[in-house]
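Student: I'd like to ask you about the structure that follows.
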Amino acid sequence: MSERAPMADGCVFCDIARRAPNSTTALLYSDDRVVAFRDINPSAFRHYLVIPIDHIPTVNSLRRTKDDHQLVSHMVRVGKDLLNQDAPNSEEHRFGFHQPPFNSVDHLHLHCLTLPFMPSWRQVKYTPLGPLGGFIEAEKLLKRIKPEAEVYS
């Protein structure tokens, strides 16, 4: 699926976001735009995912709009708040998204990590790969989708 939708059939993250009866995932946070939960295969000391409730397939689906920029900013704030509550003494965090073809689920999801990586070799999955894509840090994505200033005459 390449287009946005309120929900996508067969999407495991849509099931989690909509609290489908078949989903047993415990939510750490929820509001009218996003939900957050623990990654089922953690790669770091703490590893949470923050996803939009509406189905947005990947970072490539995001545009330079106020709505998209605000959504990603909100996802990052939620992730930071969760990590600060759960691991307040941790000093190193990483926030970002896997870019196609390196994403595992076609539903936008922010990885929120409190380092160290566990085991340490997993850091490779969360490293930018230059022109190949790979992992994009949240701040870099926010710059990429920041709406251009409106010009008034």
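Ordering of the structure tokens sets the chain letters (A, B, ...); residue numbers start at 1 within each chain; ligands are numbered from 1 in the order shown.
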If we count only C-alpha atoms, what is near segment 99-102 of chain A at a cut-off of 10 Å, once residues fewer than 4 positions away on the same chain are taken out, given as a list in words?
Tutor: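 In the requested format, the answer is Pro57, Thr58, Val59, Asn60, Asp106, Leu108, Lys125, Pro128, Leu132, Gly133, Gly134, Phe135 and Ile136 of chain A.
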Student: Near Gln123 of chain A, within 12 Å and counting only C-alpha atoms, which residues show up once chain neighbours fewer than 5 positions away are dropped, as a PDB file with N, CA, C and O atoms, in the first residue's frame?
Tutor:
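around.pdb, freshly written:
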```pdb
ATOM      1  N   PRO A  42      13.828  -5.789  20.982  1.00  0.00           N
ATOM      2  CA  PRO A  42      14.609  -4.592  21.309  1.00  0.00           C
ATOM      3  C   PRO A  42      16.078  -4.700  20.935  1.00  0.00           C
ATOM      4  O   PRO A  42      16.685  -5.760  21.057  1.00  0.00           O
ATOM      5  N   SER A  43      16.607  -3.559  20.485  1.00  0.00           N
ATOM      6  CA  SER A  43      18.006  -3.483  20.073  1.00  0.00           C
ATOM      7  C   SER A  43      18.847  -2.649  21.026  1.00  0.00           C
ATOM      8  O   SER A  43      20.030  -2.444  20.774  1.00  0.00           O
ATOM      9  N   ALA A  44      18.230  -2.128  22.082  1.00  0.00           N
ATOM     10  CA  ALA A  44      18.960  -1.268  23.010  1.00  0.00           C
ATOM     11  C   ALA A  44      18.405  -1.438  24.419  1.00  0.00           C
ATOM     12  O   ALA A  44      17.401  -2.129  24.628  1.00  0.00           O
ATOM     13  N   PHE A  45      19.061  -0.778  25.365  1.00  0.00           N
ATOM     14  CA  PHE A  45      18.652  -0.824  26.770  1.00  0.00           C
ATOM     15  C   PHE A  45      17.164  -0.531  26.907  1.00  0.00           C
ATOM     16  O   PHE A  45      16.440  -1.211  27.629  1.00  0.00           O
ATOM     17  N   ARG A  94      18.759   7.757  20.792  1.00  0.00           N
ATOM     18  CA  ARG A  94      18.713   7.869  19.331  1.00  0.00           C
ATOM     19  C   ARG A  94      17.256   7.766  18.909  1.00  0.00           C
ATOM     20  O   ARG A  94      16.531   6.900  19.379  1.00  0.00           O
ATOM     21  N   LEU A 113      15.395   4.969  21.130  1.00  0.00           N
ATOM     22  CA  LEU A 113      16.359   4.073  21.759  1.00  0.00           C
ATOM     23  C   LEU A 113      17.150   4.770  22.853  1.00  0.00           C
ATOM     24  O   LEU A 113      17.631   5.889  22.661  1.00  0.00           O
ATOM     25  N   THR A 114      17.278   4.096  23.988  1.00  0.00           N
ATOM     26  CA  THR A 114      18.223   4.501  25.024  1.00  0.00           C
ATOM     27  C   THR A 114      19.395   3.548  24.891  1.00  0.00           C
ATOM     28  O   THR A 114      19.230   2.335  25.035  1.00  0.00           O
ATOM     29  N   LEU A 115      20.561   4.110  24.593  1.00  0.00           N
ATOM     30  CA  LEU A 115      21.742   3.281  24.373  1.00  0.00           C
ATOM     31  C   LEU A 115      22.333   2.865  25.726  1.00  0.00           C
ATOM     32  O   LEU A 115      22.065   3.520  26.735  1.00  0.00           O
ATOM     33  N   PRO A 116      23.068   1.785  25.796  1.00  0.00           N
ATOM     34  CA  PRO A 116      23.783   1.140  24.702  1.00  0.00           C
ATOM     35  C   PRO A 116      22.920   0.167  23.904  1.00  0.00           C
ATOM     36  O   PRO A 116      21.857  -0.267  24.357  1.00  0.00           O
ATOM     37  N   PHE A 117      23.430  -0.142  22.695  1.00  0.00           N
ATOM     38  CA  PHE A 117      22.795  -1.180  21.904  1.00  0.00           C
ATOM     39  C   PHE A 117      23.078  -2.519  22.568  1.00  0.00           C
ATOM     40  O   PHE A 117      24.139  -2.728  23.139  1.00  0.00           O
ATOM     41  N   MET A 118      22.094  -3.413  22.460  1.00  0.00           N
ATOM     42  CA  MET A 118      22.221  -4.720  23.085  1.00  0.00           C
ATOM     43  C   MET A 118      21.721  -5.791  22.135  1.00  0.00           C
ATOM     44  O   MET A 118      20.517  -5.821  21.890  1.00  0.00           O
ATOM     45  N   PRO A 128      22.906   5.676   9.526  1.00  0.00           N
ATOM     46  CA  PRO A 128      22.625   6.177   8.175  1.00  0.00           C
ATOM     47  C   PRO A 128      23.589   5.552   7.167  1.00  0.00           C
ATOM     48  O   PRO A 128      24.773   5.353   7.471  1.00  0.00           O
ATOM     49  N   GLY A 134      18.912   3.674   4.500  1.00  0.00           N
ATOM     50  CA  GLY A 134      19.068   3.060   5.818  1.00  0.00           C
ATOM     51  C   GLY A 134      18.272   3.811   6.851  1.00  0.00           C
ATOM     52  O   GLY A 134      17.088   4.073   6.673  1.00  0.00           O
ATOM     53  N   PHE A 135      18.927   4.200   7.913  1.00  0.00           N
ATOM     54  CA  PHE A 135      18.294   4.861   9.052  1.00  0.00           C
ATOM     55  C   PHE A 135      18.423   6.370   8.898  1.00  0.00           C
ATOM     56  O   PHE A 135      19.501   6.877   8.595  1.00  0.00           O
TER      57      PHE A 135
END
```
Student: Which of segment 5-73 of chain A end up as alpha helix (DSSP H) when DSSP is run on this backbone - answer as a VMD selection string?
Tutor: chain A and resid 12 to 17 66 to 73
Student: Just C-alpha atoms for this one: save the residues we selected as a JSON list (two decimals), in the first residue's frame.
Tutor:
```json
[["chain", "number", "residue", "atom", "x", "y", "z"],
["A", 12, "VAL", "CA", -0.02, -5.20, 12.32],
["A", 13, "PHE", "CA", 0.67, -1.62, 13.43],
["A", 14, "CYS", "CA", -2.84, -0.51, 12.40],
["A", 15, "ASP", "CA", -4.17, -3.30, 14.60],
["A", 16, "ILE", "CA", -2.07, -2.04, 17.52],
["A", 17, "ALA", "CA", -3.01, 1.61, 16.93],
["A", 66, "LYS", "CA", 2.69, 21.72, 8.45],
["A", 67, "ASP", "CA", 0.62, 18.62, 9.35],
["A", 68, "ASP", "CA", 3.40, 16.13, 8.58],
["A", 69, "HIS", "CA", 6.03, 18.24, 10.33],
["A", 70, "GLN", "CA", 3.83, 18.59, 13.42],
["A", 71, "LEU", "CA", 3.09, 14.84, 13.45],
["A", 72, "VAL", "CA", 6.76, 13.84, 13.36],
["A", 73, "SER", "CA", 7.62, 16.51, 15.96]]
```
Student: Give me, please, the distance in Å between atom CA of Arg33 of chain A and atom CA of Ser90 of chain A, quoted to one decimal.
Tutor: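 Going from atom CA of Arg33 of chain A over to atom CA of Ser90 of chain A, I get 27.2 Å.
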Student: With DSSP run on the backbone, what are the strand (DSSP E) residues within segment 3-121 of chain A? I'd like them as a PyMOL selection string.
Tutor: chain A and resi 27-30+34-38+44-52+93-98+110-117
Student: Could you tell me how far atom CA of Val124 of chain A sits from atom CA of Asn89 of chain A, in Å to one decimal place?
Tutor: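 Rounded to one decimal, the two atoms are 24.4 Å apart.
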Student: Kindly indicate which residue among A:Lys80, A:Ser104, A:Arg18, A:Arg64 lies nearest to Ala138 of chain A, using only C-alpha atoms for the distances.
Tutor: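 Checking each of A:Lys80, A:Ser104, A:Arg18, A:Arg64 against Ala138 of chain A, counting only C-alpha atoms, the winner is A:Lys80.
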Student: Would you kindly return, as a PDB file with C-alpha atoms, in the first residue's frame, each protein, DNA or RNA residue with an atom no farther than 10 Å from any atom of Ala5 of chain A, considering only C-alpha atoms and excluding same-chain residues fewer than 6 positions away?
Tutor:
```pdb
ATOM      1  CA  ILE A  53      -2.829   6.050  14.391  1.00  0.00           C
ATOM      2  CA  ASP A  54      -3.534   6.754  10.722  1.00  0.00           C
ATOM      3  CA  HIS A  55      -1.744   4.491   8.266  1.00  0.00           C
ATOM      4  CA  ILE A  56       1.220   6.288   6.690  1.00  0.00           C
ATOM      5  CA  PRO A  57       3.373   3.697   4.921  1.00  0.00           C
TER       6      PRO A  57
END
```
Student: Restricting the calculation to only C-alpha atoms: of A:Val35, A:Ala20, A:Ala8, A:Ala26, which residue gets closest to His109 of chain A?
Tutor: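 Smallest distance to His109 of chain A is found for A:Val35.
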Student: For Val50 of chain A, list every protein, DNA or RNA residue within 8 Å, evaluated using only C-alpha atoms, and leave out those in the same chain fewer than 5 positions away; present the list as a PyMOL selection string.
Tutor: chain A and resi 34-37+75+78-79+109-112
Student: Enter the distance from atom CA of Asp39 of chain A to atom CA of Leu141 of chain A, in Å, rounded to one decimal.
Tutor: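 Between these atoms lies a distance of 21.1 Å.
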